[in-house]
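Chemist: This structure is in structure tokens; I'll ask about it shortly.
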Amino acid sequence: MTFKAIATPTKTKEILNKYGFSFKKSLGQNFIIDVNTLKNIIEVANVNEETTVIEIGPGIGALTEQLAIHSKKVIAFEIDQRLDPILDDTLGNYDNINIIYQDILKSNVVEVVNKYCPNTKEIKVVANLPYYVTTPILMKLLMEQLPISSFTVMIQKEVADRMAAKPNTKSYGSLSIAVQYYTEASVALNVPKTVFMPQPNVDSAVLHLKQREKPLVEVTDETFFFDLVQGSFAQRRKTLRNNLNRHFSQVYDKEEIELRLKHAGIDGTRRGESLSIQEFADLSNAFL
Ligand code: SAM
């Protein structure tokens, strides 16, 4: 692997000074200043010259450059227009990068991909995400009608742990289920604060999500399933029965809920965190 280096403290400072750029904390701007971290991200993402990559938030282009070197095409979404002249300078030599200056949450990603990369068979998402909007970005991209095969994203460690968590752990909850319904999730790397400029207040991790061909479980009504999951974790210390009674108090009486629990073969004295995703699906389907 070739590694040129925007991602060193000296080079990053030099670029920022040249353009008088000041970080916006509100945009989650923590740039990577460590070549090894980039190397690890590229390895986990497993990109090659066939891969189309979507990146969110190129910053000054540290990761973007490595993605351009190792993949076929990079489509990068950046909200901060001030980075335009900088990225022109740092990435100007690469003809396989398109930078779209839009808020990823507001952009029509399908339209952009079809425009810059029609007939793409496989897309990988690789990014050092802005931490303030990690979950909405991942959820949006998981719902898009795009052939995304995997996500390799640097996010807050605590959120990565929750997304990849298994039942009967402190981190397991509705977020784990939402993510694992669509993907196989694993925490690939823990990353120290020192590899960023400026250093964030929280620890980071690289999360790898492999898209499933179809959702992990079959549910009759997805909206109801996710609502039931939310309700089951509303008060973690309470039993499943108590949480469900409270959550559905306007819709089902206690006897009805008891009947549905019985029908699904689930003991109402258990806690939400002990149920597998399959058990949540069984319970959800027992209501419909
Ligand atoms: N990729 C660079 C790196 O690793 O050094 C920068 C990563 S920095 C954590 C996050 C980047 O996302 C910033 O460049 C920020 O301006 C951008 N960003 C923040 N919110 C965004 C949004 N809603 N849509 C697109 N980009 C966004």
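Every chain in the structure tokens has a letter given in the order shown (A, B, ...), and although residue numbers restart at 1 in each chain, ligands are simply numbered from 1 in the order shown.
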Ile41 (chain A): which residues within 9 Å, counting only C-alpha atoms, same-chain residues fewer than 3 positions away excluded, as a list in words?

Modeler: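 Near neighbours after the sequence-gap exclusion: Asn36, Thr37, Leu38, Val44, Ala45, Asn46, Leu63, Val126, Ala127, Thr152, Val153, Met154, Ala188, Leu189 and Val206 of chain A.
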
Chemist: Give me the residues near Tyr131 (chain A) as a list of chain:residue names, where near means some atom within 8 Å (using only C-alpha atoms) and where sequence neighbours in that chain fewer than 3 positions away do not count.

Modeler: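 Returned residues: A:Gly28, A:Thr134, A:Ile155, A:Gln156.
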
Chemist: So that I can check the surroundings of Leu141 (chain A), please list as an MDAnalysis selection string every protein, DNA and RNA residue that reaches within 12 Å of it, counting only C-alpha atoms and ignoring chain neighbours fewer than 6 positions away.

Modeler: chainID A and resid 54:56 104:110 123:126 134:135 147:151 179 182:183 209 211

Chemist: Taking only C-alpha atoms and all ligand atoms into account, list the residues no farther than 7 Å from ligand 1, as an MDAnalysis selection string.

Modeler: chainID A and resid 27:33 56:64 77:80 102:105 127:131 133

Chemist: Just list as a PDB file with N, CA and C atoms, in the first residue's frame whatever in region 12-231 of chain A DSSP marks as strand (DSSP E or B).

Modeler:
```
ATOM      1  N   PHE A  31     -10.093  15.940  12.631  1.00  0.00           N
ATOM      2  CA  PHE A  31      -9.412  15.355  11.477  1.00  0.00           C
ATOM      3  C   PHE A  31      -8.374  14.319  11.915  1.00  0.00           C
ATOM      4  N   ILE A  32      -8.207  13.284  11.099  1.00  0.00           N
ATOM      5  CA  ILE A  32      -7.223  12.243  11.418  1.00  0.00           C
ATOM      6  C   ILE A  32      -5.829  12.738  11.051  1.00  0.00           C
ATOM      7  N   THR A  52     -16.626   1.202  -5.541  1.00  0.00           N
ATOM      8  CA  THR A  52     -17.082   2.585  -5.457  1.00  0.00           C
ATOM      9  C   THR A  52     -17.285   2.882  -3.973  1.00  0.00           C
ATOM     10  N   VAL A  53     -16.765   4.024  -3.548  1.00  0.00           N
ATOM     11  CA  VAL A  53     -16.855   4.368  -2.127  1.00  0.00           C
ATOM     12  C   VAL A  53     -17.684   5.637  -1.943  1.00  0.00           C
ATOM     13  N   ILE A  54     -18.549   5.614  -0.955  1.00  0.00           N
ATOM     14  CA  ILE A  54     -19.191   6.853  -0.495  1.00  0.00           C
ATOM     15  C   ILE A  54     -18.491   7.249   0.794  1.00  0.00           C
ATOM     16  N   GLU A  55     -17.991   8.487   0.819  1.00  0.00           N
ATOM     17  CA  GLU A  55     -17.415   9.012   2.063  1.00  0.00           C
ATOM     18  C   GLU A  55     -18.270  10.166   2.551  1.00  0.00           C
ATOM     19  N   ILE A  56     -18.440  10.261   3.854  1.00  0.00           N
ATOM     20  CA  ILE A  56     -19.157  11.399   4.424  1.00  0.00           C
ATOM     21  C   ILE A  56     -18.145  12.230   5.177  1.00  0.00           C
ATOM     22  N   LYS A  73     -13.539   4.622  -7.371  1.00  0.00           N
ATOM     23  CA  LYS A  73     -14.217   5.921  -7.406  1.00  0.00           C
ATOM     24  C   LYS A  73     -14.637   6.334  -6.009  1.00  0.00           C
ATOM     25  N   VAL A  74     -14.489   7.610  -5.693  1.00  0.00           N
ATOM     26  CA  VAL A  74     -14.941   8.096  -4.382  1.00  0.00           C
ATOM     27  C   VAL A  74     -15.960   9.216  -4.587  1.00  0.00           C
ATOM     28  N   ILE A  75     -17.116   9.057  -3.971  1.00  0.00           N
ATOM     29  CA  ILE A  75     -18.101  10.143  -3.946  1.00  0.00           C
ATOM     30  C   ILE A  75     -18.170  10.609  -2.508  1.00  0.00           C
ATOM     31  N   ALA A  76     -17.763  11.869  -2.282  1.00  0.00           N
ATOM     32  CA  ALA A  76     -17.666  12.367  -0.906  1.00  0.00           C
ATOM     33  C   ALA A  76     -18.647  13.516  -0.687  1.00  0.00           C
ATOM     34  N   PHE A  77     -19.395  13.457   0.411  1.00  0.00           N
ATOM     35  CA  PHE A  77     -20.353  14.507   0.764  1.00  0.00           C
ATOM     36  C   PHE A  77     -19.755  15.356   1.884  1.00  0.00           C
ATOM     37  N   ILE A  97     -12.394  11.303  -7.891  1.00  0.00           N
ATOM     38  CA  ILE A  97     -13.100  11.798  -6.692  1.00  0.00           C
ATOM     39  C   ILE A  97     -14.141  12.834  -7.105  1.00  0.00           C
ATOM     40  N   ASN A  98     -15.366  12.689  -6.630  1.00  0.00           N
ATOM     41  CA  ASN A  98     -16.365  13.750  -6.779  1.00  0.00           C
ATOM     42  C   ASN A  98     -16.739  14.225  -5.392  1.00  0.00           C
ATOM     43  N   ILE A  99     -16.613  15.532  -5.175  1.00  0.00           N
ATOM     44  CA  ILE A  99     -17.017  16.053  -3.861  1.00  0.00           C
ATOM     45  C   ILE A  99     -18.331  16.818  -4.022  1.00  0.00           C
ATOM     46  N   ILE A 100     -19.302  16.432  -3.229  1.00  0.00           N
ATOM     47  CA  ILE A 100     -20.628  17.041  -3.303  1.00  0.00           C
ATOM     48  C   ILE A 100     -20.790  17.873  -2.039  1.00  0.00           C
ATOM     49  N   ILE A 123     -21.258  -0.779  -3.581  1.00  0.00           N
ATOM     50  CA  ILE A 123     -20.754   0.445  -2.952  1.00  0.00           C
ATOM     51  C   ILE A 123     -20.329   0.112  -1.529  1.00  0.00           C
ATOM     52  N   LYS A 124     -19.210   0.717  -1.100  1.00  0.00           N
ATOM     53  CA  LYS A 124     -18.847   0.610   0.317  1.00  0.00           C
ATOM     54  C   LYS A 124     -18.833   2.019   0.913  1.00  0.00           C
ATOM     55  N   VAL A 125     -19.354   2.136   2.094  1.00  0.00           N
ATOM     56  CA  VAL A 125     -19.317   3.416   2.792  1.00  0.00           C
ATOM     57  C   VAL A 125     -18.112   3.393   3.724  1.00  0.00           C
ATOM     58  N   VAL A 126     -17.246   4.378   3.592  1.00  0.00           N
ATOM     59  CA  VAL A 126     -16.070   4.464   4.466  1.00  0.00           C
ATOM     60  C   VAL A 126     -15.966   5.910   4.935  1.00  0.00           C
ATOM     61  N   ALA A 127     -15.903   6.120   6.242  1.00  0.00           N
ATOM     62  CA  ALA A 127     -15.883   7.506   6.726  1.00  0.00           C
ATOM     63  C   ALA A 127     -15.435   7.606   8.171  1.00  0.00           C
ATOM     64  N   ASN A 128     -14.858   8.774   8.450  1.00  0.00           N
ATOM     65  CA  ASN A 128     -14.661   9.200   9.830  1.00  0.00           C
ATOM     66  C   ASN A 128     -15.824  10.147  10.088  1.00  0.00           C
ATOM     67  N   ILE A 148     -25.253  -0.956  -1.196  1.00  0.00           N
ATOM     68  CA  ILE A 148     -24.163  -0.780  -0.224  1.00  0.00           C
ATOM     69  C   ILE A 148     -23.890  -2.133   0.436  1.00  0.00           C
ATOM     70  N   SER A 149     -22.660  -2.642   0.274  1.00  0.00           N
ATOM     71  CA  SER A 149     -22.366  -3.966   0.836  1.00  0.00           C
ATOM     72  C   SER A 149     -21.789  -3.866   2.245  1.00  0.00           C
ATOM     73  N   SER A 150     -21.106  -2.761   2.542  1.00  0.00           N
ATOM     74  CA  SER A 150     -20.576  -2.627   3.903  1.00  0.00           C
ATOM     75  C   SER A 150     -20.355  -1.167   4.288  1.00  0.00           C
ATOM     76  N   PHE A 151     -20.267  -0.967   5.582  1.00  0.00           N
ATOM     77  CA  PHE A 151     -19.951   0.341   6.164  1.00  0.00           C
ATOM     78  C   PHE A 151     -18.725   0.145   7.043  1.00  0.00           C
ATOM     79  N   THR A 152     -17.720   0.993   6.874  1.00  0.00           N
ATOM     80  CA  THR A 152     -16.581   0.994   7.788  1.00  0.00           C
ATOM     81  C   THR A 152     -16.470   2.424   8.282  1.00  0.00           C
ATOM     82  N   VAL A 153     -16.867   2.646   9.518  1.00  0.00           N
ATOM     83  CA  VAL A 153     -16.982   4.022   9.992  1.00  0.00           C
ATOM     84  C   VAL A 153     -16.342   4.221  11.361  1.00  0.00           C
ATOM     85  N   MET A 154     -15.617   5.324  11.456  1.00  0.00           N
ATOM     86  CA  MET A 154     -15.080   5.745  12.755  1.00  0.00           C
ATOM     87  C   MET A 154     -16.185   6.500  13.457  1.00  0.00           C
ATOM     88  N   ILE A 155     -16.528   6.041  14.655  1.00  0.00           N
ATOM     89  CA  ILE A 155     -17.564   6.717  15.431  1.00  0.00           C
ATOM     90  C   ILE A 155     -17.173   6.697  16.916  1.00  0.00           C
ATOM     91  N   GLN A 156     -17.997   7.322  17.711  1.00  0.00           N
ATOM     92  CA  GLN A 156     -17.760   7.312  19.159  1.00  0.00           C
ATOM     93  C   GLN A 156     -17.794   5.856  19.645  1.00  0.00           C
ATOM     94  N   THR A 183     -27.752  -5.512   9.331  1.00  0.00           N
ATOM     95  CA  THR A 183     -26.326  -5.782   9.104  1.00  0.00           C
ATOM     96  C   THR A 183     -25.740  -6.737  10.146  1.00  0.00           C
ATOM     97  N   GLU A 184     -24.558  -7.296   9.794  1.00  0.00           N
ATOM     98  CA  GLU A 184     -23.730  -7.989  10.787  1.00  0.00           C
ATOM     99  C   GLU A 184     -22.746  -6.944  11.307  1.00  0.00           C
ATOM    100  N   ALA A 185     -22.791  -6.682  12.609  1.00  0.00           N
ATOM    101  CA  ALA A 185     -22.018  -5.561  13.150  1.00  0.00           C
ATOM    102  C   ALA A 185     -20.857  -6.039  14.005  1.00  0.00           C
ATOM    103  N   SER A 186     -19.689  -5.415  13.818  1.00  0.00           N
ATOM    104  CA  SER A 186     -18.569  -5.734  14.703  1.00  0.00           C
ATOM    105  C   SER A 186     -17.691  -4.499  14.915  1.00  0.00           C
ATOM    106  N   VAL A 187     -17.097  -4.424  16.104  1.00  0.00           N
ATOM    107  CA  VAL A 187     -16.149  -3.339  16.376  1.00  0.00           C
ATOM    108  C   VAL A 187     -14.783  -3.827  15.921  1.00  0.00           C
ATOM    109  N   ALA A 188     -14.227  -3.174  14.905  1.00  0.00           N
ATOM    110  CA  ALA A 188     -12.978  -3.660  14.308  1.00  0.00           C
ATOM    111  C   ALA A 188     -11.739  -3.129  15.021  1.00  0.00           C
ATOM    112  N   LEU A 189     -11.798  -1.898  15.487  1.00  0.00           N
ATOM    113  CA  LEU A 189     -10.613  -1.283  16.112  1.00  0.00           C
ATOM    114  C   LEU A 189     -11.030  -0.271  17.159  1.00  0.00           C
ATOM    115  N   ASN A 190     -10.274  -0.198  18.228  1.00  0.00           N
ATOM    116  CA  ASN A 190     -10.432   0.924  19.147  1.00  0.00           C
ATOM    117  C   ASN A 190      -9.360   1.949  18.808  1.00  0.00           C
ATOM    118  N   VAL A 191      -9.747   3.215  18.843  1.00  0.00           N
ATOM    119  CA  VAL A 191      -8.831   4.262  18.363  1.00  0.00           C
ATOM    120  C   VAL A 191      -8.638   5.322  19.449  1.00  0.00           C
ATOM    121  N   PHE A 196      -6.385  12.374  16.453  1.00  0.00           N
ATOM    122  CA  PHE A 196      -7.241  13.411  15.859  1.00  0.00           C
ATOM    123  C   PHE A 196      -6.723  14.816  16.167  1.00  0.00           C
ATOM    124  N   MET A 197      -7.044  15.740  15.267  1.00  0.00           N
ATOM    125  CA  MET A 197      -6.816  17.157  15.528  1.00  0.00           C
ATOM    126  C   MET A 197      -8.118  17.898  15.205  1.00  0.00           C
ATOM    127  N   SER A 204     -12.882   6.646  20.512  1.00  0.00           N
ATOM    128  CA  SER A 204     -13.445   6.311  19.205  1.00  0.00           C
ATOM    129  C   SER A 204     -13.204   4.849  18.872  1.00  0.00           C
ATOM    130  N   ALA A 205     -13.958   4.368  17.884  1.00  0.00           N
ATOM    131  CA  ALA A 205     -13.763   2.997  17.411  1.00  0.00           C
ATOM    132  C   ALA A 205     -14.168   2.931  15.944  1.00  0.00           C
ATOM    133  N   VAL A 206     -13.588   1.955  15.250  1.00  0.00           N
ATOM    134  CA  VAL A 206     -14.003   1.725  13.866  1.00  0.00           C
ATOM    135  C   VAL A 206     -15.018   0.576  13.881  1.00  0.00           C
ATOM    136  N   LEU A 207     -16.213   0.895  13.408  1.00  0.00           N
ATOM    137  CA  LEU A 207     -17.300  -0.089  13.359  1.00  0.00           C
ATOM    138  C   LEU A 207     -17.405  -0.628  11.939  1.00  0.00           C
ATOM    139  N   HIS A 208     -17.538  -1.952  11.825  1.00  0.00           N
ATOM    140  CA  HIS A 208     -17.735  -2.547  10.501  1.00  0.00           C
ATOM    141  C   HIS A 208     -19.120  -3.163  10.439  1.00  0.00           C
ATOM    142  N   LEU A 209     -19.894  -2.763   9.431  1.00  0.00           N
ATOM    143  CA  LEU A 209     -21.241  -3.316   9.250  1.00  0.00           C
ATOM    144  C   LEU A 209     -21.297  -3.987   7.885  1.00  0.00           C
ATOM    145  N   LYS A 210     -21.627  -5.275   7.896  1.00  0.00           N
ATOM    146  CA  LYS A 210     -21.769  -5.995   6.627  1.00  0.00           C
ATOM    147  C   LYS A 210     -23.265  -6.136   6.355  1.00  0.00           C
ATOM    148  N   GLN A 211     -23.682  -5.567   5.245  1.00  0.00           N
ATOM    149  CA  GLN A 211     -25.117  -5.575   4.922  1.00  0.00           C
ATOM    150  C   GLN A 211     -25.629  -7.005   4.719  1.00  0.00           C
TER     151      GLN A 211
END
```

Chemist: For region 76-189 of chain A against region 8-15 of chain A, with a cut-off of 12 Å and counting only C-alpha atoms, what is the closest atom pair and its distance in Å to one decimal for every residue that makes the cut, ordered by chain and number, as CSV?

Modeler:
```
residue,atom,partner,partner_atom,distance
A:Leu83,CA,A:Ile15,CA,10.9
A:Pro85,CA,A:Ile15,CA,10.9
A:Ile86,CA,A:Ile15,CA,7.6
A:Leu87,CA,A:Ile15,CA,10.1
A:Asp88,CA,A:Ile15,CA,11.9
A:Asp89,CA,A:Ile15,CA,9.3
A:Thr90,CA,A:Ile15,CA,8.6
```

Chemist: Could you turn the residues from that selection into a file that holds all heavy atoms, as a tab-separated table (two decimals), in the first residue's frame?

Modeler:
```
chain	number	residue	atom	x	y	z
A	83	LEU	N	-14.29	24.23	2.89
A	83	LEU	CA	-13.25	23.25	2.56
A	83	LEU	C	-13.01	23.13	1.06
A	83	LEU	O	-12.05	22.48	0.62
A	83	LEU	CB	-13.62	21.88	3.15
A	83	LEU	CG	-13.56	21.83	4.68
A	83	LEU	CD1	-14.32	20.64	5.24
A	83	LEU	CD2	-12.09	21.76	5.14
A	85	PRO	N	-11.83	25.21	-1.44
A	85	PRO	CA	-10.49	25.53	-1.98
A	85	PRO	C	-9.40	24.60	-1.44
A	85	PRO	O	-8.44	24.27	-2.15
A	85	PRO	CB	-10.24	26.98	-1.52
A	85	PRO	CG	-11.25	27.25	-0.46
A	85	PRO	CD	-12.41	26.34	-0.69
A	86	ILE	N	-9.57	24.15	-0.20
A	86	ILE	CA	-8.55	23.27	0.40
A	86	ILE	C	-8.55	21.92	-0.32
A	86	ILE	O	-7.50	21.39	-0.72
A	86	ILE	CB	-8.80	23.05	1.91
A	86	ILE	CG1	-8.85	24.39	2.64
A	86	ILE	CG2	-7.76	22.11	2.50
A	86	ILE	CD1	-9.00	24.31	4.15
A	87	LEU	N	-9.74	21.36	-0.53
A	87	LEU	CA	-9.84	20.05	-1.18
A	87	LEU	C	-9.41	20.13	-2.64
A	87	LEU	O	-8.84	19.18	-3.18
A	87	LEU	CB	-11.26	19.49	-1.04
A	87	LEU	CG	-11.60	19.02	0.39
A	87	LEU	CD1	-13.10	18.80	0.55
A	87	LEU	CD2	-10.84	17.74	0.73
A	88	ASP	N	-9.66	21.29	-3.27
A	88	ASP	CA	-9.15	21.50	-4.65
A	88	ASP	C	-7.65	21.35	-4.67
A	88	ASP	O	-7.06	20.77	-5.57
A	88	ASP	CB	-9.47	22.93	-5.09
A	88	ASP	CG	-10.74	22.97	-5.91
A	88	ASP	OD1	-11.31	21.91	-6.15
A	88	ASP	OD2	-11.15	24.10	-6.29
A	89	ASP	N	-7.03	21.88	-3.63
A	89	ASP	CA	-5.57	21.89	-3.51
A	89	ASP	C	-5.06	20.47	-3.16
A	89	ASP	O	-4.21	19.92	-3.86
A	89	ASP	CB	-5.21	22.90	-2.41
A	89	ASP	CG	-3.71	23.03	-2.19
A	89	ASP	OD1	-2.95	22.27	-2.82
A	89	ASP	OD2	-3.31	23.88	-1.38
A	90	THR	N	-5.65	19.86	-2.12
A	90	THR	CA	-5.09	18.58	-1.64
A	90	THR	C	-5.43	17.39	-2.53
A	90	THR	O	-4.69	16.42	-2.59
A	90	THR	CB	-5.56	18.27	-0.19
A	90	THR	OG1	-7.00	18.27	-0.17
A	90	THR	CG2	-5.05	19.29	0.81
```

Chemist: Hey, could you make a per-residue contact list for region 75-177 of chain A against region 226-237 of chain A with 9 Å as the cut-off, showing the nearest pair of atoms and its distance in Å to one decimal, counting only C-alpha atoms, sorted by chain and number, as a tab-separated table?

Modeler:
```
residue	atom	partner	partner_atom	distance
A:Gly173	CA	A:Phe233	CA	6.5
A:Ser174	CA	A:Gln230	CA	5.7
A:Leu175	CA	A:Gln230	CA	8.9
A:Ile177	CA	A:Val229	CA	8.0
```

Chemist: Ranking A:Lys24, A:Ala68, A:Asp221, A:Tyr252 by minimum distance to Asn93 (chain A) and counting only C-alpha atoms, which one comes first?

Modeler: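 Nearest to Asn93 (chain A): A:Ala68.
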
Chemist: Would you work out the distance separating CA of Met139 (chain A) from CA of Leu261 (chain A), expressed in Å to one decimal?

Modeler: 29.2 Å
